[in-house]
Structures are given as C-alpha cells and as structure tokens.
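Enquirer: For reference, the file entry03.cif (mmCIF, C-alpha atoms; chains and numbers go by the auth columns) is included below:
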```cif
data_work
loop_
_atom_site.group_PDB
_atom_site.id
_atom_site.type_symbol
_atom_site.label_atom_id
_atom_site.label_comp_id
_atom_site.label_asym_id
_atom_site.label_seq_id
_atom_site.Cartn_x
_atom_site.Cartn_y
_atom_site.Cartn_z
_atom_site.B_iso_or_equiv
_atom_site.auth_seq_id
_atom_site.auth_asym_id
ATOM 1 C CA MET A 1 32.510 21.769 4.176 0.00 156 G
ATOM 2 C CA ASN A 2 32.899 18.109 3.507 0.00 157 G
ATOM 3 C CA GLU A 3 29.490 16.650 2.692 0.00 158 G
ATOM 4 C CA ARG A 4 30.487 13.019 2.348 0.00 159 G
ATOM 5 C CA PRO A 5 29.088 10.584 4.931 0.00 160 G
ATOM 6 C CA LEU A 6 31.435 9.497 7.689 0.00 161 G
ATOM 7 C CA ALA A 7 30.836 5.778 7.184 0.00 162 G
ATOM 8 C CA GLN A 8 31.035 3.929 3.896 0.00 163 G
ATOM 9 C CA TYR A 9 27.783 2.127 3.147 0.00 164 G
ATOM 10 C CA GLU A 10 27.737 -0.781 0.755 0.00 165 G
ATOM 11 C CA VAL A 11 24.621 -1.892 -1.045 0.00 166 G
ATOM 12 C CA HIS A 12 23.854 -5.582 -0.855 0.00 167 G
ATOM 13 C CA PRO A 13 24.091 -7.304 -4.284 0.00 168 G
ATOM 14 C CA ALA A 14 20.547 -8.658 -3.978 0.00 169 G
ATOM 15 C CA ALA A 15 19.172 -5.147 -3.425 0.00 170 G
ATOM 16 C CA ARG A 16 18.857 -4.534 -7.151 0.00 171 G
ATOM 17 C CA TYR A 17 16.376 -7.432 -7.440 0.00 172 G
ATOM 18 C CA PHE A 18 14.290 -6.298 -4.480 0.00 173 G
ATOM 19 C CA ARG A 19 13.266 -2.809 -5.543 0.00 174 G
ATOM 20 C CA ARG A 20 9.876 -1.553 -4.448 0.00 175 G
ATOM 21 C CA GLY A 21 8.472 -0.457 -7.815 0.00 176 G
ATOM 22 C CA PRO A 22 8.326 -3.703 -9.821 0.00 177 G
ATOM 23 C CA TRP A 23 7.280 -5.798 -6.827 0.00 178 G
ATOM 24 C CA GLU A 24 4.478 -3.405 -5.898 0.00 179 G
ATOM 25 C CA ASN A 25 3.233 -3.617 -9.484 0.00 180 G
ATOM 26 C CA ALA A 26 3.308 -7.425 -9.295 0.00 181 G
ATOM 27 C CA ALA A 27 1.395 -7.410 -5.987 0.00 182 G
ATOM 28 C CA THR A 28 -1.205 -5.060 -7.468 0.00 183 G
ATOM 29 C CA ILE A 29 -1.618 -7.367 -10.464 0.00 184 G
ATOM 30 C CA VAL A 30 -2.127 -10.364 -8.135 0.00 185 G
ATOM 31 C CA ILE A 31 -4.812 -8.447 -6.220 0.00 186 G
ATOM 32 C CA ALA A 32 -6.540 -7.433 -9.471 0.00 187 G
ATOM 33 C CA LEU A 33 -6.389 -11.041 -10.683 0.00 188 G
ATOM 34 C CA GLY A 34 -8.086 -12.142 -7.457 0.00 189 G
ATOM 35 C CA VAL A 35 -10.846 -9.572 -7.930 0.00 190 G
ATOM 36 C CA ILE A 36 -11.388 -10.731 -11.516 0.00 191 G
ATOM 37 C CA MET A 37 -11.544 -14.331 -10.285 0.00 192 G
ATOM 38 C CA LEU A 38 -14.133 -13.246 -7.708 0.00 193 G
ATOM 39 C CA MET A 39 -16.387 -11.531 -10.248 0.00 194 G
ATOM 40 C CA GLN A 40 -16.324 -14.048 -13.106 0.00 195 G
ATOM 41 C CA PRO A 41 -19.429 -16.262 -13.551 0.00 196 G
ATOM 42 C CA PHE A 42 -17.823 -19.247 -15.316 0.00 197 G
ATOM 43 C CA SER A 43 -15.759 -21.314 -12.898 0.00 198 G
ATOM 44 C CA LEU A 44 -16.515 -22.257 -9.323 0.00 199 G
ATOM 45 C CA PHE A 45 -12.855 -23.313 -8.930 0.00 200 G
ATOM 46 C CA LEU A 46 -11.620 -19.792 -9.734 0.00 201 G
ATOM 47 C CA TYR A 47 -14.246 -18.284 -7.459 0.00 202 G
ATOM 48 C CA GLY A 48 -13.146 -20.578 -4.635 0.00 203 G
ATOM 49 C CA TRP A 49 -9.506 -19.506 -4.897 0.00 204 G
ATOM 50 C CA SER A 50 -10.232 -15.795 -5.367 0.00 205 G
ATOM 51 C CA PHE A 51 -10.132 -14.886 -1.679 0.00 206 G
ATOM 52 C CA ALA A 52 -6.806 -16.677 -1.171 0.00 207 G
ATOM 53 C CA THR A 53 -5.390 -14.849 -4.207 0.00 208 G
ATOM 54 C CA ILE A 54 -6.538 -11.453 -2.931 0.00 209 G
ATOM 55 C CA LEU A 55 -5.159 -12.241 0.522 0.00 210 G
ATOM 56 C CA PHE A 56 -1.803 -13.345 -0.922 0.00 211 G
ATOM 57 C CA GLY A 57 -1.558 -10.168 -3.007 0.00 212 G
ATOM 58 C CA THR A 58 -2.387 -7.998 -0.003 0.00 213 G
ATOM 59 C CA VAL A 59 0.217 -9.651 2.212 0.00 214 G
ATOM 60 C CA MET A 60 2.723 -9.432 -0.630 0.00 215 G
ATOM 61 C CA PHE A 61 1.997 -5.699 -1.000 0.00 216 G
ATOM 62 C CA ILE A 62 2.488 -5.116 2.731 0.00 217 G
ATOM 63 C CA ILE A 63 5.839 -6.928 2.703 0.00 218 G
ATOM 64 C CA VAL A 64 7.023 -5.252 -0.496 0.00 219 G
ATOM 65 C CA SER A 65 6.164 -1.789 0.832 0.00 220 G
ATOM 66 C CA HIS A 66 9.150 -2.176 3.185 0.00 221 G
ATOM 67 C CA PHE A 67 11.643 -2.701 0.331 0.00 222 G
ATOM 68 C CA VAL A 68 14.129 -0.039 -0.702 0.00 223 G
ATOM 69 C CA ASP A 69 13.039 2.490 -3.314 0.00 224 G
#
```
Spell out the structure here as structure tokens.
Expert:
Amino acid sequence: MNERPLAQYEVHPAARYFRRGPWENAATIVIALGVIMLMQPFSLFLYGWSFATILFGTVMFIIVSHFVD
C-alpha cells in the first residue's frame, strides 16, 4: 500500500514563526503581568491599565490557540 498523501501540501514560510507553543507562553505571561499589575499597591497607573492588559492577553491567547502546533 502506498501511504503517501495524494496531494502535495506546502507549508507557508511564515508558519515557522507562528507556532502555537511560544505564542501561548507569551500570552500567558501577558495575562500574569496584568494580574500582577492588578494586585500591586504602589502605582495607580499600573492598576488602571491592568484590566486592559489582562483583556489583551486573553484575546491574544484565544487567537493563538488557532495556530498550528
């Protein structure tokens, strides 16, 4: 039996930069940074931007979860 696929599939050159693993780690770090900003007692500026940072990290994680493994 011939187990090769019938069609030849080429991988896009940019696919090596958009792998799920490193980008998911980056999104998780952004979310953790937002939580740290939320819980710190020193700066009202950091506290004010914490929700936007958490939201950005969450949206980033949702988008990145659709990348190729």
Enquirer: Using the chain letters and numbers from the file, which residues does the PyMOL selection byres ((chain G and resi 206-215) around 8) grab, as a list in words?
Expert: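 Applied to this file, the PyMOL selection byres ((chain G and resi 206-215) around 8) returns Ala182, Thr183, Ile184, Val185, Ile186, Ala187, Leu188, Gly189, Val190, Leu193, Tyr202, Gly203, Trp204, Ser205, Phe216, Ile217, Ile218 and Val219 of chain G.
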Enquirer: So how far away is CA of Ile191 (chain G) from CA of Trp178 (chain G), in Å?
Expert: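 Computed distance, CA of Trp178 (chain G) to CA of Ile191 (chain G), equals 19.9 Å.
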Enquirer: Expressed in Å to a single decimal, how great is the separation between CA of Ser220 (chain G) and CA of Arg171 (chain G)?
Expert: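 These two atoms are separated by 15.2 Å.
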Enquirer: At what distance in Å, to one decimal, does CA of Asp224 (chain G) lie from CA of Arg175 (chain G)?
Expert: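 Spanning CA of Arg175 (chain G) to CA of Asp224 (chain G) is a straight-line distance of 5.3 Å.
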Enquirer: Might I get the box with edges along x, y and z of the file that holds all atoms of region 201-214 of chain G listed there, padded by 3 Å on every side, given as centre and edge lengths in Å to one decimal, as JSON?
Expert:
```
{"center_x": -7.0, "center_y": -14.3, "center_z": -3.8, "size_x": 20.5, "size_y": 18.6, "size_z": 17.9}
```
Enquirer: Counting only C-alpha atoms, figure out which residue out of G:Val223, G:Leu201, G:Gln195, G:Glu165 gets nearest to Pro177 (chain G).
Expert: G:Val223
Enquirer: Need to verify the contact set: Ala170 (chain G), 9 Å, all atoms listed in the file, exclusion of same-chain residues closer than 3 positions in sequence. Can you return it as a list in words?
Expert: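 Selected residues are Val166, His167, Phe173, Arg174, Phe222 and Val223 of chain G.
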